[in-house]
Each structure stands twice: as structure tokens, then as C-alpha cells.
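Quick look at coords16.txt (compact mmCIF, C-alpha atoms):
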# COMPACT_ATOMS: atom_id res chain seq x y z
CA MET A 43 0.00 0.00 0.00
CA GLU A 44 2.93 2.31 0.75
CA LYS A 45 4.07 2.19 -2.89
CA ILE A 46 0.61 3.12 -4.14
CA CYS A 47 0.57 6.14 -1.83
CA LYS A 48 4.00 7.17 -3.15
CA LEU A 49 2.77 6.73 -6.71
CA LYS A 50 -0.18 8.99 -5.93
CA ASP A 51 2.22 11.60 -4.57
CA ILE A 52 4.31 11.39 -7.75
CA TYR A 53 1.22 11.95 -9.89
CA LYS A 54 0.22 14.88 -7.68
CA SER A 55 3.67 16.49 -8.04
CA LEU A 56 3.60 16.05 -11.81
CA TYR A 57 0.04 17.38 -11.99
CA ASN A 58 1.02 20.51 -10.06
CA PHE A 59 4.01 21.06 -12.34
CA GLU A 60 1.86 20.61 -15.45
CA LYS A 61 -0.77 22.99 -14.08
CA GLU A 62 1.85 25.68 -13.44
CA PHE A 63 3.33 25.13 -16.92
CA ALA A 64 -0.11 25.49 -18.55
CA GLU A 65 -0.93 28.66 -16.61
CA ARG A 66 2.41 30.23 -17.56
CA ASN A 67 2.40 29.21 -21.23
CA LYS A 68 -1.31 28.97 -22.09
CA ILE A 69 -0.66 25.49 -23.50
CA THR A 70 -0.42 22.06 -21.93
CA ILE A 71 2.82 20.13 -21.57
CA ASN A 72 1.68 17.72 -24.29
CA GLU A 73 1.04 20.65 -26.63
CA GLY A 74 4.47 21.98 -25.69
CA MET A 75 6.03 18.61 -26.57
CA VAL A 76 4.45 18.73 -30.03
CA LEU A 77 5.89 22.21 -30.54
CA CYS A 78 9.26 21.07 -29.16
CA CYS A 79 9.34 18.34 -31.81
CA MET A 80 8.92 21.05 -34.44
CA LYS A 81 11.32 23.65 -33.03
CA ASP A 82 13.77 23.17 -35.89
CA GLY A 83 11.06 24.47 -38.25
CA ARG A 84 10.97 21.30 -40.34
CA PRO A 85 7.47 20.09 -41.26
CA ARG A 86 6.51 16.81 -39.59
CA ALA A 87 4.13 13.98 -40.38
CA ALA A 88 1.72 12.86 -37.66
CA ASN A 89 3.63 9.60 -37.09
CA GLU A 90 6.82 11.58 -36.38
CA LEU A 91 4.96 13.60 -33.77
CA CYS A 92 3.60 10.41 -32.19
CA ASP A 93 7.07 8.90 -31.99
CA PHE A 94 8.54 12.04 -30.43
CA VAL A 95 5.77 12.65 -27.90
CA GLY A 96 5.47 8.97 -26.99
CA LEU A 97 1.69 8.88 -26.79
CA SER A 98 -0.92 6.90 -28.71
CA ASN A 99 -1.95 7.99 -32.20
CA SER A 100 -5.43 8.95 -31.03
CA ARG A 101 -4.09 11.04 -28.14
CA VAL A 102 -1.56 12.83 -30.36
CA SER A 103 -4.30 13.41 -32.93
CA ARG A 104 -6.36 15.25 -30.29
CA ILE A 105 -3.31 17.26 -29.21
CA ILE A 106 -2.53 18.18 -32.82
CA ASN A 107 -6.12 19.35 -33.31
CA THR A 108 -5.87 21.54 -30.22
CA VAL A 109 -2.51 23.03 -31.22
CA GLU A 110 -3.90 23.64 -34.70
CA SER A 111 -7.04 25.31 -33.30
CA LYS A 112 -4.78 27.64 -31.28
CA GLY A 113 -3.15 28.69 -34.54
CA LEU A 114 0.29 27.32 -33.67
CA ILE A 115 0.53 24.78 -36.51
CA VAL A 116 -1.10 24.23 -39.89
CA ARG A 117 -1.71 21.01 -41.79
CA GLU A 118 -1.20 20.24 -45.44
CA MET A 119 -1.74 17.12 -47.50
CA GLY A 120 1.38 15.13 -48.24
CA THR A 121 2.68 15.43 -51.78
CA ALA A 122 3.72 11.79 -52.18
CA ASP A 123 0.77 10.35 -50.25
CA LYS A 124 -2.41 12.42 -50.20
CA ARG A 125 -3.60 10.49 -47.13
CA GLN A 126 -0.66 11.73 -45.08
CA MET A 127 -0.96 15.03 -43.25
CA ILE A 128 2.11 17.22 -42.83
CA PHE A 129 2.24 19.79 -40.03
CA SER A 130 4.21 23.03 -40.02
CA LEU A 131 4.64 25.81 -37.50
CA THR A 132 2.82 29.08 -38.00
CA GLU A 133 4.42 32.40 -37.09
CA ASP A 134 2.49 32.24 -33.79
CA GLY A 135 3.87 28.74 -33.23
CA LYS A 136 7.42 29.98 -33.80
CA LYS A 137 6.80 32.84 -31.35
CA LYS A 138 5.41 30.44 -28.74
CA ILE A 139 8.50 28.23 -29.05
CA GLY A 140 10.70 31.31 -28.72
CA GLU A 141 8.83 32.37 -25.57
CA MET A 142 9.18 28.92 -24.04
CA MET A 143 12.89 28.69 -24.94
CA LYS A 144 13.56 31.98 -23.12
CA GLN A 145 11.92 30.78 -19.93
CA ASP A 146 13.94 29.47 -17.08
CA ILE A 147 11.77 26.54 -16.09
CA ASP A 148 12.68 25.64 -12.56
CA LEU A 149 12.58 21.87 -12.15
CA SER A 150 14.23 21.90 -8.73
CA GLY A 151 10.92 21.85 -6.84
CA LEU A 152 9.65 18.94 -8.90
CA VAL A 153 12.93 17.04 -8.58
CA LYS A 154 13.04 17.69 -4.83
CA SER A 155 9.47 16.49 -4.43
CA LEU A 156 10.09 13.36 -6.48
CA THR A 157 13.33 12.65 -4.58
CA GLU A 158 11.55 12.92 -1.22
CA ILE A 159 8.69 10.72 -2.38
CA THR A 160 10.96 7.97 -3.68
CA LYS A 161 13.20 7.71 -0.57
Now, as a test, write the supplied structure out as C-alpha cells.
Amino acid sequence: MEKICKLKDIYKSLYNFEKEFAERNKITINEGMVLCCMKDGRPRAANELCDFVGLSNSRVSRIINTVESKGLIVREMGTADKRQMIFSLTEDGKKKIGEMMKQDIDLSGLVKSLTEITK
């Protein structure tokens, strides 16, 4: 039972970190990970985003739709395969990445919390 309580505390610490990240950046961590995958400015196919983010196709699809609805990426049909969607950053997406790159995200509180929990 002790391990389950520790696991709950880990989830709580991560949740609090994610909540703070979302409030500061106006995007979720998962949305940030999609943008991080695209920070080099190279267009990406959906499967590349799935591989980078490490979530299921359906979950990444929902995240892509949200990031697209926020105007941070756009989709185009693939040239070789019309069924494939290719995603590119918009100017707003590039600005958002720039804003996030300038931030000094303090992980020390999260690391400290996780260290204490896992003792």
C-alpha cells in the first residue's frame, strides 16, 4: 500500500508542475512537446509527432487538433501520399516556441518532491 501512496504523490507532483506550466504558457505540456518536436522548423508527419511525444496515435491526434485550433501549426496534404498530413509551424507557433525557450523553467521543486517521495 505504501508504494501506491507514493505513486499517488508522484502523480500529484507532476500534476502541479503541469498545471503551473499550462498557466504560464497557455498550452499544456503535451502541446508543448508537439511544438518542441517542431522547433527546428521542419514540417513533420503525424507519425513523427507520435514517436517524439510517446503517446498513442489517437491522443496525439487530439493534441494536434488543439494546437492547430490555437493557430500554432497548420496542416497540409502530403505530396507523395495524399492520405498523409504534414504539419508546419505558423508564425504564432514559432513565437510560442521562442517564448518557451527563453523561460527558465525551474525543475528543482519537482525534482526535490520526487526525490523525497521515492526515498
Self-check item: Spatial neighbours of region 50-58 of chain A, 8 Å, all atoms listed in the file, chain gap at least 2 places, as a list in words
Solution: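 Contacts, with the query itself left out: Ile46, Cys47, Lys48, Glu60, Lys61, Glu62, Leu152, Ser155, Leu156 and Ile159 of chain A.
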Exercise. Find the distance between CA of Arg125 (chain A) and CA of Ile71 (chain A) and write it in Å to one decimal.
Key: 28.1 Å
Quiz item: Looking at A:Ala87, A:Leu77, A:Ile106, A:Val95, which one is nearest to Lys136 (chain A), with distances taken over all atoms listed in the file?
Solution: A:Leu77
Quiz item: Can you tell me how far CA of Lys81 (chain A) sits from CA of Ala122 (chain A), in Å to one decimal?
Solution: 23.8 Å
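The neighbours of Asn99 (chain A) here are the residues that come within 9 Å of it, using only C-alpha atoms and leaving out any residue fewer than 3 positions away in the same chain; they are Ala88, Asn89, Cys92, Val102, Ser103 and Arg104 of chain A.
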Exercise. Calculate how many Å separate CA of Asp93 (chain A) from CA of Glu141 (chain A), rounding to one decimal.
Key: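 Separation of CA of Asp93 (chain A) and CA of Glu141 (chain A): 24.4 Å.
Residue nearest Val109 (chain A), chosen from A:Lys154, A:Lys45, A:Arg84, A:Lys68 and counting all atoms listed in the file: A:Lys68.
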Exercise. Identify which of the residues A:Gly151, A:Pro85, A:Gly113, A:Gly96 lies closest to Met127 (chain A), counting all atoms listed in the file when measuring atom-to-atom distances.
Key: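 Among the listed residues, A:Pro85 lies closest to Met127 (chain A).
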Self-check item: Pick from A:Met119, A:Met80, A:Ile128, A:Met75 nearest to Phe63 (chain A), counting all atoms listed in the file
Solution: A:Met75
Quiz item: Of the residues A:Met43, A:Asp134, A:Glu158, A:Arg66, which is the one nearest to Asp146 (chain A), using only C-alpha atoms?
Solution: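 With only C-alpha atoms as the atom set, the closest residue is A:Arg66.
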Quiz prompt | Counting all atoms listed in the file, the option among A:Ser130, A:Thr121, A:Thr160, A:Ser111 closest to Asp82 (chain A) | solution =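 Closest candidate: A:Ser130.
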Practice problem: Considering all atoms listed in the file, return as a list in words whatever protein or nucleic-acid residues lie within 12 Å of Asn67 (chain A), sequence-local ones (same chain, fewer than 3 positions apart) excluded. | Solution: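 The residues satisfying every condition are Glu60, Lys61, Glu62, Phe63, Ala64, Thr70, Ile71, Asn72, Glu73, Gly74, Lys137, Lys138, Ile139, Gly140, Glu141, Met142, Met143, Lys144, Gln145 and Ile147 of chain A.
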